file data.cif (mmCIF, C-alpha atoms)
data_input
#
loop_
_atom_site.label_atom_id
_atom_site.label_comp_id
_atom_site.auth_asym_id
_atom_site.auth_seq_id
_atom_site.Cartn_x
_atom_site.Cartn_y
_atom_site.Cartn_z
CA MET T 281 -23.90 -13.32 -11.19
CA GLU T 282 -22.79 -9.87 -10.06
CA ASP T 283 -19.07 -9.11 -10.25
CA ASN T 284 -18.00 -7.88 -6.79
CA SER T 285 -14.27 -7.90 -7.52
CA GLY T 286 -14.10 -4.52 -9.24
CA TYR T 287 -12.36 -6.06 -12.27
CA LEU T 288 -15.07 -4.99 -14.69
CA GLU T 289 -15.20 -1.46 -13.28
CA PHE T 290 -11.42 -1.14 -13.55
CA ARG T 291 -11.49 -2.45 -17.11
CA ASN T 292 -14.11 0.16 -18.02
CA PHE T 293 -12.06 2.88 -16.33
CA LEU T 294 -9.00 1.95 -18.38
CA LYS T 295 -11.10 1.79 -21.53
CA ASN T 296 -12.31 5.34 -20.95
CA LYS T 297 -9.15 6.86 -19.49
CA GLY T 298 -6.33 4.67 -20.83
CA GLU T 299 -5.40 6.91 -23.75
CA GLU T 300 -5.35 9.98 -21.51
CA ILE T 301 -3.16 8.20 -18.93
CA ALA T 302 -0.76 6.96 -21.61
CA SER T 303 -0.37 10.42 -23.11
CA SER T 304 0.54 11.84 -19.69
CA LEU T 305 3.50 9.43 -19.50
CA TYR T 306 5.10 10.87 -22.62
CA ILE T 307 5.49 14.38 -24.02
CA PRO T 308 3.50 14.30 -27.29
CA GLU T 309 5.32 14.84 -30.58
CA GLU T 310 3.20 17.90 -31.36
CA SER T 311 3.69 19.40 -27.89
CA GLY T 312 5.01 22.95 -27.58
CA CYS T 313 7.14 21.74 -24.68
CA ARG T 314 8.87 19.13 -26.84
CA SER T 315 9.43 21.67 -29.59
CA ALA T 316 10.96 24.16 -27.14
CA LEU T 317 13.30 21.73 -25.37
CA LYS T 318 14.31 19.02 -27.84
CA ASP T 319 17.35 20.78 -29.35
CA ILE T 320 18.80 22.06 -26.09
CA PHE T 321 18.11 18.65 -24.51
CA ARG T 322 20.32 16.96 -27.14
CA GLU T 323 23.11 19.36 -26.22
CA SER T 324 22.61 18.65 -22.51
CA TYR T 325 22.45 14.85 -22.71
CA ASN T 326 25.45 12.53 -22.82
CA GLY T 327 25.40 9.04 -24.27
CA TYR T 328 26.66 6.20 -22.11
CA GLU T 329 26.31 2.41 -22.11
CA VAL T 330 26.19 0.17 -19.08
CA GLY T 331 29.63 -1.21 -18.31
CA SER T 332 31.38 -3.16 -15.59
CA VAL T 333 32.00 -1.90 -12.07
CA PRO T 334 35.44 -0.26 -11.72
CA GLU T 335 38.01 -2.63 -10.29
CA ASN T 336 39.54 -2.29 -6.84
CA VAL T 337 36.88 0.03 -5.45
CA SER T 338 34.84 -0.49 -2.31
CA VAL T 339 31.17 0.42 -2.44
CA ALA T 340 28.96 0.80 0.63
CA ALA T 341 25.17 1.00 0.48
CA CYS T 342 22.53 2.18 2.93
CA ASP T 343 18.76 1.87 3.10
CA SER T 344 16.02 1.79 5.73
CA SER T 345 12.58 0.35 6.39
CA GLU T 346 9.60 1.15 8.59
CA PHE T 347 6.65 -0.29 10.43
CA VAL T 348 3.89 1.96 11.78
CA ARG T 349 0.82 0.93 13.78
CA GLU T 350 -1.90 3.07 15.33
CA LEU T 351 -2.88 2.18 18.88
CA TYR T 352 -6.41 2.55 20.20
CA ASN T 353 -5.43 5.73 22.08
CA GLY T 354 -4.61 7.44 18.78
CA LYS T 355 -0.85 7.33 19.24
CA LYS T 356 1.33 5.57 16.69
CA ILE T 357 4.15 3.15 17.25
CA PHE T 358 7.05 3.78 14.88
CA ILE T 359 9.68 1.11 14.25
CA ILE T 360 12.51 2.26 11.98
CA ARG T 361 15.55 0.23 10.97
CA ALA T 362 18.49 1.36 8.81
CA LEU T 363 21.44 -0.65 7.57
CA ALA T 364 24.74 0.42 6.03
CA GLU T 365 26.84 -2.36 4.54
CA VAL T 366 30.26 -2.63 2.92
CA ASN T 367 31.99 -5.89 1.97
CA ASP T 368 29.35 -7.86 3.92
CA ARG T 369 30.09 -5.91 7.11
CA ALA T 370 26.87 -4.34 8.36
CA TYR T 371 26.23 -1.37 10.64
CA SER T 372 22.68 -0.74 11.83
CA SER T 373 20.65 1.99 13.47
CA PHE T 374 17.27 1.46 15.10
CA ILE T 375 14.60 3.94 16.22
CA SER T 376 11.38 3.06 18.01
CA ASP T 377 8.86 5.29 19.74
CA VAL T 378 5.18 5.76 20.51
CA VAL T 379 4.11 9.28 19.55
CA HIS T 380 0.96 11.23 18.81
CA VAL T 381 1.20 12.31 15.17
CA ASP T 382 -1.67 13.66 13.11
CA ARG T 383 -2.62 11.20 10.40
CA ASP T 384 -1.84 13.72 7.68
CA ASP T 385 1.72 14.04 9.03
CA VAL T 386 2.52 10.36 9.58
CA ARG T 387 4.18 9.78 6.21
CA ASN T 388 6.44 12.84 6.37
CA PHE T 389 7.44 12.09 9.97
CA SER T 390 8.23 8.49 9.09
CA ILE T 391 10.43 9.63 6.19
CA LEU T 392 12.35 11.97 8.50
CA LEU T 393 12.94 9.15 10.98
CA MET T 394 14.13 6.79 8.24
CA GLU T 395 16.51 9.35 6.76
CA HIS T 396 17.89 10.22 10.20
CA SER T 397 18.40 6.54 10.95
CA GLU T 398 20.26 6.13 7.64
CA HIS T 399 22.57 9.01 8.51
CA LEU T 400 23.30 7.42 11.89
CA SER T 401 24.06 4.00 10.40
CA VAL T 402 26.44 5.47 7.81
CA LEU T 403 28.22 7.46 10.52
CA LYS T 404 28.59 4.27 12.55
CA MET T 405 30.10 2.57 9.51
CA LEU T 406 32.53 5.46 8.90
CA GLU T 407 33.93 4.99 12.40
CA ASN T 408 35.50 1.75 11.13
CA GLU T 409 35.44 1.91 7.33
CA SER T 410 36.56 4.21 4.53
CA PRO T 411 34.73 3.02 1.40
CA ASP T 412 35.40 4.75 -1.89
CA PHE T 413 31.68 5.25 -2.49
CA ILE T 414 28.62 5.36 -0.25
CA LEU T 415 25.29 4.80 -2.01
CA ILE T 416 22.16 5.96 -0.17
CA ASP T 417 18.62 5.36 -1.37
CA GLY T 418 16.86 8.70 -1.78
CA SER T 419 17.67 12.32 -2.49
CA LEU T 420 20.30 14.52 -0.85
CA ILE T 421 18.69 17.69 -2.22
CA GLY T 422 15.40 16.60 -0.65
CA ARG T 423 17.09 16.14 2.71
CA LEU T 424 18.80 19.50 2.52
CA SER T 425 15.46 21.11 1.63
CA HIS T 426 13.52 19.98 4.69
CA SER T 427 12.09 22.75 6.83
CA SER T 428 14.07 23.41 9.99
CA ASP T 429 10.92 24.36 11.92
CA ARG T 430 10.18 22.71 15.24
CA LEU T 431 7.96 19.64 15.02
CA ASP T 432 4.67 19.98 16.87
CA MET T 433 4.78 16.72 18.83
CA ASP T 434 5.90 15.72 22.29
CA GLY T 435 9.61 14.96 22.51
CA TYR T 436 10.39 16.05 18.94
CA GLY T 437 10.35 19.83 19.15
CA ASP T 438 14.10 20.02 18.45
CA PHE T 439 14.28 16.96 16.20
CA MET T 440 15.06 18.93 13.03
CA THR T 441 18.06 20.52 14.76
CA LYS T 442 19.35 17.05 15.57
CA TYR T 443 18.51 15.87 12.04
CA PHE T 444 20.57 18.58 10.35
CA GLN T 445 23.43 18.27 12.85
CA THR T 446 23.67 14.56 12.05
CA LEU T 447 23.48 15.18 8.29
CA GLU T 448 26.18 17.86 8.61
CA LYS T 449 28.42 15.44 10.51
CA LEU T 450 27.82 12.74 7.89
CA ILE T 451 28.83 15.04 5.02
CA THR T 452 31.86 16.32 6.96
CA VAL T 453 33.17 12.87 7.92
CA ALA T 454 32.59 11.45 4.43
CA CYS T 455 34.49 14.35 2.85
CA GLU T 456 37.34 14.00 5.35
CA LYS T 457 37.61 10.29 4.58
CA ARG T 458 37.33 10.89 0.82
CA SER T 459 34.29 8.61 0.72
CA ARG T 460 32.11 9.93 -2.07
CA LEU T 461 28.41 10.17 -1.19
CA ILE T 462 25.98 9.20 -3.97
CA PHE T 463 22.22 9.44 -3.43
CA ILE T 464 20.06 7.54 -5.93
CA ALA T 465 16.31 8.19 -6.23
CA LYS T 466 14.27 5.84 -8.40
CA THR T 467 11.34 8.26 -8.52
CA SER T 468 11.41 12.02 -8.55
CA GLU T 469 9.13 15.00 -9.02
CA SER T 470 12.12 17.29 -9.59
CA GLN T 471 11.78 20.06 -12.17
CA VAL T 472 15.23 21.61 -11.68
CA PHE T 473 16.71 20.21 -14.90
CA LYS T 474 13.67 21.50 -16.79
CA ARG T 475 14.32 25.00 -15.47
CA TYR T 476 17.98 24.61 -16.46
CA LEU T 477 16.95 23.75 -20.03
CA ILE T 478 14.45 26.60 -20.26
CA GLU T 479 17.07 29.06 -19.02
CA LYS T 480 19.52 27.85 -21.68
CA THR T 481 16.94 28.24 -24.44
CA GLY T 482 16.10 31.77 -23.33
CA GLU T 483 12.52 30.94 -24.28
CA TYR T 484 10.86 31.63 -20.94
CA SER T 485 7.39 31.10 -22.44
CA ALA T 486 8.39 27.43 -22.39
CA SER T 487 7.61 27.47 -18.67
CA ASP T 488 3.91 27.66 -19.52
CA LYS T 489 4.23 25.11 -22.33
CA CYS T 490 5.96 22.67 -19.97
CA SER T 491 3.80 23.30 -16.91
CA GLY T 492 3.68 20.21 -14.71
CA VAL T 493 6.37 18.42 -16.74
CA THR T 494 9.03 16.76 -14.56
CA ASP T 495 12.70 16.15 -15.25
CA HIS T 496 12.11 12.42 -15.54
CA LEU T 497 9.31 12.91 -18.04
CA ILE T 498 11.64 15.04 -20.17
CA VAL T 499 14.41 12.43 -20.12
CA LYS T 500 12.04 9.54 -20.81
CA SER T 501 10.38 11.41 -23.68
CA LEU T 502 13.38 13.03 -25.39
CA ALA T 503 16.30 10.64 -24.84
CA GLU T 504 17.18 8.73 -28.02
CA PHE T 505 19.78 6.49 -26.37
CA THR T 506 20.99 5.58 -22.89
CA GLY T 507 22.96 8.23 -21.07
CA PHE T 508 22.83 11.00 -18.50
CA THR T 509 22.00 14.70 -18.34
CA ASN T 510 24.33 17.56 -17.67
CA PRO T 511 24.27 18.22 -13.92
CA THR T 512 22.64 21.10 -12.11
CA ASP T 513 24.59 22.56 -9.20
CA THR T 514 23.41 23.25 -5.66
CA VAL T 515 25.71 25.03 -3.24
CA LEU T 516 26.03 23.23 0.09
CA LYS T 517 24.61 25.28 2.94
CA ILE T 518 25.46 22.81 5.65
CA GLY T 519 28.73 21.77 7.25
CA PRO T 520 31.86 23.69 8.30
CA GLN T 521 33.11 26.56 6.14
CA TRP T 522 35.73 24.48 4.32
CA ILE T 523 33.03 22.02 3.27
CA ARG T 524 30.75 24.77 1.95
CA GLU T 525 33.57 26.44 0.04
CA ARG T 526 35.10 23.30 -1.45
CA PHE T 527 32.21 20.95 -2.20
CA ILE T 528 29.05 21.29 -4.25
CA VAL T 529 26.05 19.02 -4.89
CA LYS T 530 25.68 17.95 -8.49
CA THR T 531 22.38 16.43 -9.62
CA PHE T 532 21.91 14.54 -12.85
CA HIS T 533 19.37 12.15 -14.33
CA LEU T 534 20.46 8.82 -15.72
CA LEU T 535 18.73 6.46 -18.15
CA ALA T 536 20.42 3.07 -18.10
CA ASP T 537 17.97 1.23 -20.37
CA MET T 538 15.60 2.69 -22.96
CA ARG T 539 12.81 0.49 -21.57
CA ASP T 540 13.37 1.71 -18.01
CA VAL T 541 12.59 4.95 -16.20
CA PRO T 542 15.32 7.48 -15.28
CA MET T 543 17.05 7.70 -11.93
CA LYS T 544 17.96 10.94 -10.17
CA VAL T 545 21.48 11.03 -8.75
CA ASP T 546 22.85 13.56 -6.23
CA THR T 547 26.56 13.48 -5.56
CA ILE T 548 28.95 15.75 -3.68
CA GLU T 549 31.81 16.87 -5.94
CA ASP T 550 35.13 18.39 -4.94
CA THR T 551 35.45 21.67 -6.83
CA THR T 552 39.26 21.58 -6.53
CA VAL T 553 39.47 18.39 -8.60
CA ASP T 554 38.99 18.30 -12.36
CA SER T 555 35.61 16.85 -13.22
CA GLY T 556 35.04 14.26 -15.90
CA ARG T 557 32.33 14.16 -18.51
CA ALA T 558 29.82 17.01 -18.33
CA GLY T 559 31.22 18.10 -14.97
CA ILE T 560 30.60 14.80 -13.19
CA HIS T 561 33.54 12.69 -12.05
CA ASP T 562 33.93 9.67 -14.33
CA SER T 563 34.09 7.27 -11.39
CA VAL T 564 30.60 8.31 -10.25
CA ILE T 565 29.13 7.53 -13.66
CA SER T 566 30.98 4.21 -13.76
CA VAL T 567 29.76 3.12 -10.34
CA VAL T 568 26.11 4.10 -10.89
CA TYR T 569 26.00 2.49 -14.33
CA GLY T 570 28.05 -0.50 -13.18
CA GLY T 571 25.57 -1.17 -10.39
CA TYR T 572 22.60 -1.25 -12.75
CA ALA T 573 21.32 -4.77 -13.39
CA GLY T 574 18.09 -4.45 -15.33
CA LEU T 575 14.51 -3.25 -15.13
CA LYS T 576 13.81 -4.78 -11.72
CA LEU T 577 17.22 -4.12 -10.17
CA HIS T 578 18.25 -0.48 -10.42
CA ASN T 579 21.31 -0.96 -8.24
CA ILE T 580 22.87 -4.19 -7.05
CA TRP T 581 24.27 -2.74 -3.81
CA LEU T 582 21.08 -0.93 -2.79
CA ALA T 583 18.97 -3.96 -3.66
CA LYS T 584 21.14 -6.18 -1.49
CA VAL T 585 20.90 -3.94 1.57
CA ASP T 586 17.17 -3.38 0.95
CA ARG T 587 16.51 -7.12 1.21
CA LYS T 588 18.39 -7.29 4.51
CA VAL T 589 16.89 -4.22 6.17
CA ARG T 590 13.27 -4.64 5.10
CA ILE T 591 10.81 -5.31 7.92
CA SER T 592 8.58 -8.09 6.65
CA ARG T 593 4.96 -8.56 7.61
CA GLN T 594 5.86 -11.72 9.50
CA GLU T 595 8.61 -9.92 11.42
CA SER T 596 6.45 -6.92 12.26
CA GLU T 597 3.54 -9.03 13.49
CA ASN T 598 5.24 -12.06 15.04
CA VAL T 599 8.32 -10.36 16.49
CA PHE T 600 7.88 -6.64 17.08
CA MET T 601 4.16 -6.53 17.89
CA LYS T 602 4.29 -9.80 19.84
CA MET T 603 7.12 -8.33 21.93
CA PHE T 604 5.11 -5.13 22.35
CA GLU T 605 2.07 -7.08 23.62
CA ASP T 606 4.11 -9.23 25.98
CA MET T 607 6.14 -6.45 27.55
CA VAL T 608 3.55 -3.65 27.62
CA GLY T 609 0.78 -6.01 28.67
CA MET T 610 -1.72 -4.89 26.06
CA GLN T 611 -3.33 -7.43 23.76
CA MET T 612 -3.99 -6.07 20.30
CA ILE T 613 -7.66 -6.54 19.37
CA GLU T 614 -7.05 -8.10 15.97
CA SER T 615 -6.42 -11.83 15.87
CA ARG T 616 -2.86 -12.81 14.98
CA GLY T 617 -3.84 -14.36 11.65
CA GLU T 618 -6.03 -11.51 10.48
CA ARG T 619 -4.28 -8.49 11.94
CA ARG T 620 -3.94 -5.51 9.62
CA ALA T 621 -2.06 -2.28 10.08
CA ARG T 622 -4.57 0.43 10.87
CA ILE T 623 -2.56 3.05 9.06
CA ARG T 624 -1.34 2.59 5.55
CA ILE T 625 1.42 4.98 4.55
#
call {"tool": "encode", "arguments": {"input": "data.cif", "output": "structure tokens"}}
result
Amino acid sequence: MEDNSGYLEFRNFLKNKGEEIASSLYIPEESGCRSALKDIFRESYNGYEVGSVPENVSVAACDSSEFVRELYNGKKIFIIRALAEVNDRAYSSFISDVVHVDRDDVRNFSILLMEHSEHLSVLKMLENESPDFILIDGSLIGRLSHSSDRLDMDGYGDFMTKYFQTLEKLITVACEKRSRLIFIAKTSESQVFKRYLIEKTGEYSASDKCSGVTDHLIVKSLAEFTGFTNPTDTVLKIGPQWIRERFIVKTFHLLADMRDVPMKVDTIEDTTVDSGRAGIHDSVISVVYGGYAGLKLHNIWLAKVDRKVRISRQESENVFMKMFEDMVGMQMIESRGERRARIRI
């Protein structure tokens, strides 16, 4: 009987390509990249073991979720929900719209909406709360690096102006309230730490030897124990003058378990205050490590808010789309039990 599942084909693919795939997940021992970076990496990596969360600190967390559906007229309905929570008190932000977006741009536009919604929910929280730490899922450097160009879609030409104004306000208010912002990314294509290492070696030919190698691949391949990298610094180019002069973004990579993958952490540090280990305030390290709870739970606070904010399939189909059908008066063609999102992002 013919196998229509694809299992056999996938098994053959792994048989032929498995060794190549595995080698790409680790810098080989004989690699010129490993040889060039291993010594300077040891000098730029700090051992640390997972400990308990510091006592008497309040930690807020923020995350967002999305649901996107293409309508038969080619427009897409975007449903974005963000939630910021501290001590079981939740503050939400919600964005919904029907917009024409080219299919190639849907993912990037959705990310912008989610990040903007997160900024709004944290600002709402800061109107009433002053947590010691605010954890946000994602990358601050990535948000600061977005293009400020106008978006080519109806109603969103000036969206990036609004996006950066909101992010600027978030950073300003958090700094004024002494609430430390910490952005945690579980995946990253960053190569900034690699460039930092190459610059310290002075061996610029290492750039060719390490072509395509990411920061996370370096940490996963060269770390001999749990710990974190020396930070790289990015000058803030957003916010009022006193923010730009006083605060700086520090980015480091953290490996909490030798079996796990690294996390990238962006935090805003006060340059007028003495830093702790490797130029990162000790409390930041303690909170990030203290929130780690194993291979499937990178951060207890972010995991908790993720479960609450996530838009489930049942909610998207039986609540949001049912409401859309009832109030707009348009029956979706798919049957309720077999409906599938027409865009996967």
call {"tool": "closest_residue", "arguments": {"input": "data.cif", "among": "T:Cys313, T:Ile357, T:Leu415, T:Leu502", "to": "Ser485 (chain T)", "atoms": "all atoms listed in the file"}}
result
T:Cys313
call {"tool": "residues_around", "arguments": {"input": "data.cif", "residues": "Ala340 (chain T)", "least_positions_apart": "4", "cutoff": "7 Å", "atoms": "all atoms listed in the file", "output": "list in words"}}
result
Ala364, Glu365, Val366, Pro411, Phe413, Ile414 and Leu415 of chain T
call {"tool": "closest_atom_pairs", "arguments": {"input": "data.cif", "of": "region 329-443 of chain T", "to": "region 529-540 of chain T", "cutoff": "12 Å", "atoms": "only C-alpha atoms", "output": "CSV"}}
result
residue,atom,partner,partner_atom,distance
T:Glu329,CA,T:Ala536,CA,7.2
T:Val330,CA,T:Ala536,CA,6.5
T:Gly331,CA,T:Ala536,CA,10.2
T:Ser419,CA,T:Thr531,CA,9.5
T:Leu420,CA,T:Val529,CA,8.3
T:Ile421,CA,T:Val529,CA,7.9
T:Gly422,CA,T:Thr531,CA,11.4
T:Leu424,CA,T:Val529,CA,10.4
call {"tool": "atom_distance", "arguments": {"input": "data.cif", "atom1": "CA of Thr446 (chain T)", "atom2": "CA of Glu525 (chain T)"}}
result
19.6 Å
call {"tool": "residues_around", "arguments": {"input": "data.cif", "residues": "Ala465 (chain T)", "least_positions_apart": "4", "cutoff": "9 Å", "atoms": "all atoms listed in the file", "output": "mmCIF file with C-alpha atoms, in the coordinates of the input"}}
result
data_model
loop_
_atom_site.group_PDB
_atom_site.id
_atom_site.type_symbol
_atom_site.label_atom_id
_atom_site.label_comp_id
_atom_site.auth_asym_id
_atom_site.auth_seq_id
_atom_site.Cartn_x
_atom_site.Cartn_y
_atom_site.Cartn_z
ATOM 1 C CA ILE T 416 22.160 5.960 -0.170
ATOM 2 C CA ASP T 417 18.620 5.360 -1.370
ATOM 3 C CA GLY T 418 16.860 8.700 -1.780
ATOM 4 C CA SER T 419 17.670 12.320 -2.490
ATOM 5 C CA MET T 543 17.050 7.700 -11.930
ATOM 6 C CA LYS T 544 17.960 10.940 -10.170
ATOM 7 C CA VAL T 545 21.480 11.030 -8.750
ATOM 8 C CA ASP T 546 22.850 13.560 -6.230
#
call {"tool": "resolve_selection", "arguments": {"input": "data.cif", "expression": "the PyMOL selection byres ((chain T and resi 426) around 10)", "output": "list in words"}}
result
Leu392, Ile421, Gly422, Arg423, Leu424, Ser425, Ser427, Ser428, Asp429, Met440, Tyr443 and Phe444 of chain T
call {"tool": "resolve_selection", "arguments": {"input": "data.cif", "expression": "the PyMOL selection byres ((chain T and resi 311) around 12)", "output": "PyMOL selection string"}}
result
chain T and resi 303-304+306-310+312-318+486+488-491+493+498+501-502
call {"tool": "closest_residue", "arguments": {"input": "data.cif", "among": "T:Ile320, T:Tyr352, T:Glu409, T:Leu400", "to": "Arg458 (chain T)", "atoms": "all atoms listed in the file"}}
result
T:Glu409
call {"tool": "closest_atom_pairs", "arguments": {"input": "data.cif", "of": "region 520-552 of chain T", "to": "region 452-457 of chain T", "cutoff": "12 Å", "atoms": "only C-alpha atoms", "output": "JSON lines"}}
result
{"residue": "T:Pro520", "atom": "CA", "partner": "T:Thr452", "partner_atom": "CA", "distance": 7.5}
{"residue": "T:Gln521", "atom": "CA", "partner": "T:Thr452", "partner_atom": "CA", "distance": 10.3}
{"residue": "T:Trp522", "atom": "CA", "partner": "T:Thr452", "partner_atom": "CA", "distance": 9.4}
{"residue": "T:Ile523", "atom": "CA", "partner": "T:Thr452", "partner_atom": "CA", "distance": 6.9}
{"residue": "T:Arg524", "atom": "CA", "partner": "T:Thr452", "partner_atom": "CA", "distance": 9.9}
{"residue": "T:Arg526", "atom": "CA", "partner": "T:Cys455", "partner_atom": "CA", "distance": 9.9}
{"residue": "T:Phe527", "atom": "CA", "partner": "T:Cys455", "partner_atom": "CA", "distance": 8.6}
{"residue": "T:Ile528", "atom": "CA", "partner": "T:Cys455", "partner_atom": "CA", "distance": 11.3}
{"residue": "T:Thr547", "atom": "CA", "partner": "T:Cys455", "partner_atom": "CA", "distance": 11.6}
{"residue": "T:Ile548", "atom": "CA", "partner": "T:Cys455", "partner_atom": "CA", "distance": 8.7}
{"residue": "T:Glu549", "atom": "CA", "partner": "T:Cys455", "partner_atom": "CA", "distance": 9.5}
{"residue": "T:Asp550", "atom": "CA", "partner": "T:Cys455", "partner_atom": "CA", "distance": 8.8}
call {"tool": "residues_near_point", "arguments": {"input": "data.cif", "point": "(0.7, 8.3, 19.9)", "cutoff": "10 Å", "atoms": "all atoms listed in the file", "output": "MDAnalysis selection string"}}
result
chainID T and resid 349:358 377:382 433:434
call {"tool": "write_last_selection", "arguments": {"input": "data.cif", "atoms": "C-alpha atoms", "output": "compact mmCIF listing (two decimals), in the coordinates of the input"}}
result
# COMPACT_ATOMS: atom_id res chain seq x y z
CA ARG T 349 0.82 0.93 13.78
CA GLU T 350 -1.90 3.07 15.33
CA LEU T 351 -2.88 2.18 18.88
CA TYR T 352 -6.41 2.55 20.20
CA ASN T 353 -5.43 5.73 22.08
CA GLY T 354 -4.61 7.44 18.78
CA LYS T 355 -0.85 7.33 19.24
CA LYS T 356 1.33 5.57 16.69
CA ILE T 357 4.15 3.15 17.25
CA PHE T 358 7.05 3.78 14.88
CA ASP T 377 8.86 5.29 19.74
CA VAL T 378 5.18 5.76 20.51
CA VAL T 379 4.11 9.28 19.55
CA HIS T 380 0.96 11.23 18.81
CA VAL T 381 1.20 12.31 15.17
CA ASP T 382 -1.67 13.66 13.11
CA MET T 433 4.78 16.72 18.83
CA ASP T 434 5.90 15.72 22.29
call {"tool": "atom_distance", "arguments": {"input": "data.cif", "atom1": "CA of Thr512 (chain T)", "atom2": "CA of Ser459 (chain T)"}}
result
21.4 Å
call {"tool": "atom_distance", "arguments": {"input": "data.cif", "atom1": "CA of Lys517 (chain T)", "atom2": "CA of Ser566 (chain T)"}}
result
27.6 Å
call {"tool": "residues_around", "arguments": {"input": "data.cif", "residues": "Ala583 (chain T)", "least_positions_apart": "3", "cutoff": "10 Å", "atoms": "all atoms listed in the file", "output": "MDAnalysis selection string"}}
result
chainID T and resid 341:343 417 571 576:580 586:588
call {"tool": "write_last_selection", "arguments": {"input": "data.cif", "atoms": "C-alpha atoms", "output": "PDB file, in the frame of the given file"}}
result
ATOM      1  CA  ALA T 341      25.170   1.000   0.480  1.00  0.00           C
ATOM      2  CA  CYS T 342      22.530   2.180   2.930  1.00  0.00           C
ATOM      3  CA  ASP T 343      18.760   1.870   3.100  1.00  0.00           C
ATOM      4  CA  ASP T 417      18.620   5.360  -1.370  1.00  0.00           C
ATOM      5  CA  GLY T 571      25.570  -1.170 -10.390  1.00  0.00           C
ATOM      6  CA  LYS T 576      13.810  -4.780 -11.720  1.00  0.00           C
ATOM      7  CA  LEU T 577      17.220  -4.120 -10.170  1.00  0.00           C
ATOM      8  CA  HIS T 578      18.250  -0.480 -10.420  1.00  0.00           C
ATOM      9  CA  ASN T 579      21.310  -0.960  -8.240  1.00  0.00           C
ATOM     10  CA  ILE T 580      22.870  -4.190  -7.050  1.00  0.00           C
ATOM     11  CA  ASP T 586      17.170  -3.380   0.950  1.00  0.00           C
ATOM     12  CA  ARG T 587      16.510  -7.120   1.210  1.00  0.00           C
ATOM     13  CA  LYS T 588      18.390  -7.290   4.510  1.00  0.00           C
TER      14      LYS T 588
END
call {"tool": "closest_residue", "arguments": {"input": "data.cif", "among": "T:Arg430, T:Arg475, T:Arg557, T:Arg590", "to": "Phe508 (chain T)", "atoms": "only C-alpha atoms"}}
result
T:Arg557
call {"tool": "build_atoms", "arguments": {"input": "data.cif", "residues": "region 297-301 of chain T", "atoms": "all heavy atoms", "output": "PDB file, in the frame of the given file"}}
result
ATOM      1  N   LYS T 297     -10.219   5.928 -19.861  1.00  0.00           N
ATOM      2  CA  LYS T 297      -9.150   6.860 -19.490  1.00  0.00           C
ATOM      3  C   LYS T 297      -7.755   6.423 -19.945  1.00  0.00           C
ATOM      4  O   LYS T 297      -6.783   7.159 -19.757  1.00  0.00           O
ATOM      5  CB  LYS T 297      -9.116   7.024 -17.965  1.00  0.00           C
ATOM      6  CG  LYS T 297     -10.348   7.712 -17.382  1.00  0.00           C
ATOM      7  CD  LYS T 297     -10.315   9.208 -17.663  1.00  0.00           C
ATOM      8  CE  LYS T 297     -11.422   9.921 -16.909  1.00  0.00           C
ATOM      9  NZ  LYS T 297     -11.368  11.387 -17.123  1.00  0.00           N
ATOM     10  N   GLY T 298      -7.645   5.222 -20.501  1.00  0.00           N
ATOM     11  CA  GLY T 298      -6.330   4.670 -20.830  1.00  0.00           C
ATOM     12  C   GLY T 298      -5.504   5.542 -21.742  1.00  0.00           C
ATOM     13  O   GLY T 298      -4.307   5.765 -21.517  1.00  0.00           O
ATOM     14  N   GLU T 299      -6.136   6.070 -22.801  1.00  0.00           N
ATOM     15  CA  GLU T 299      -5.400   6.910 -23.750  1.00  0.00           C
ATOM     16  C   GLU T 299      -4.909   8.186 -23.083  1.00  0.00           C
ATOM     17  O   GLU T 299      -3.777   8.635 -23.310  1.00  0.00           O
ATOM     18  CB  GLU T 299      -6.297   7.242 -24.942  1.00  0.00           C
ATOM     19  CG  GLU T 299      -5.578   7.981 -26.057  1.00  0.00           C
ATOM     20  CD  GLU T 299      -6.454   8.165 -27.280  1.00  0.00           C
ATOM     21  OE1 GLU T 299      -7.407   7.383 -27.460  1.00  0.00           O
ATOM     22  OE2 GLU T 299      -6.180   9.104 -28.050  1.00  0.00           O
ATOM     23  N   GLU T 300      -5.738   8.764 -22.224  1.00  0.00           N
ATOM     24  CA  GLU T 300      -5.350   9.980 -21.510  1.00  0.00           C
ATOM     25  C   GLU T 300      -4.186   9.713 -20.557  1.00  0.00           C
ATOM     26  O   GLU T 300      -3.251  10.506 -20.454  1.00  0.00           O
ATOM     27  CB  GLU T 300      -6.553  10.522 -20.730  1.00  0.00           C
ATOM     28  CG  GLU T 300      -6.264  11.752 -19.904  1.00  0.00           C
ATOM     29  CD  GLU T 300      -7.463  12.198 -19.084  1.00  0.00           C
ATOM     30  OE1 GLU T 300      -8.608  11.855 -19.464  1.00  0.00           O
ATOM     31  OE2 GLU T 300      -7.246  12.876 -18.059  1.00  0.00           O
ATOM     32  N   ILE T 301      -4.234   8.573 -19.860  1.00  0.00           N
ATOM     33  CA  ILE T 301      -3.160   8.200 -18.930  1.00  0.00           C
ATOM     34  C   ILE T 301      -1.858   7.978 -19.695  1.00  0.00           C
ATOM     35  O   ILE T 301      -0.794   8.454 -19.294  1.00  0.00           O
ATOM     36  CB  ILE T 301      -3.548   6.944 -18.134  1.00  0.00           C
ATOM     37  CG1 ILE T 301      -4.744   7.240 -17.229  1.00  0.00           C
ATOM     38  CG2 ILE T 301      -2.361   6.447 -17.309  1.00  0.00           C
ATOM     39  CD1 ILE T 301      -5.332   6.012 -16.577  1.00  0.00           C
TER      40      ILE T 301
END
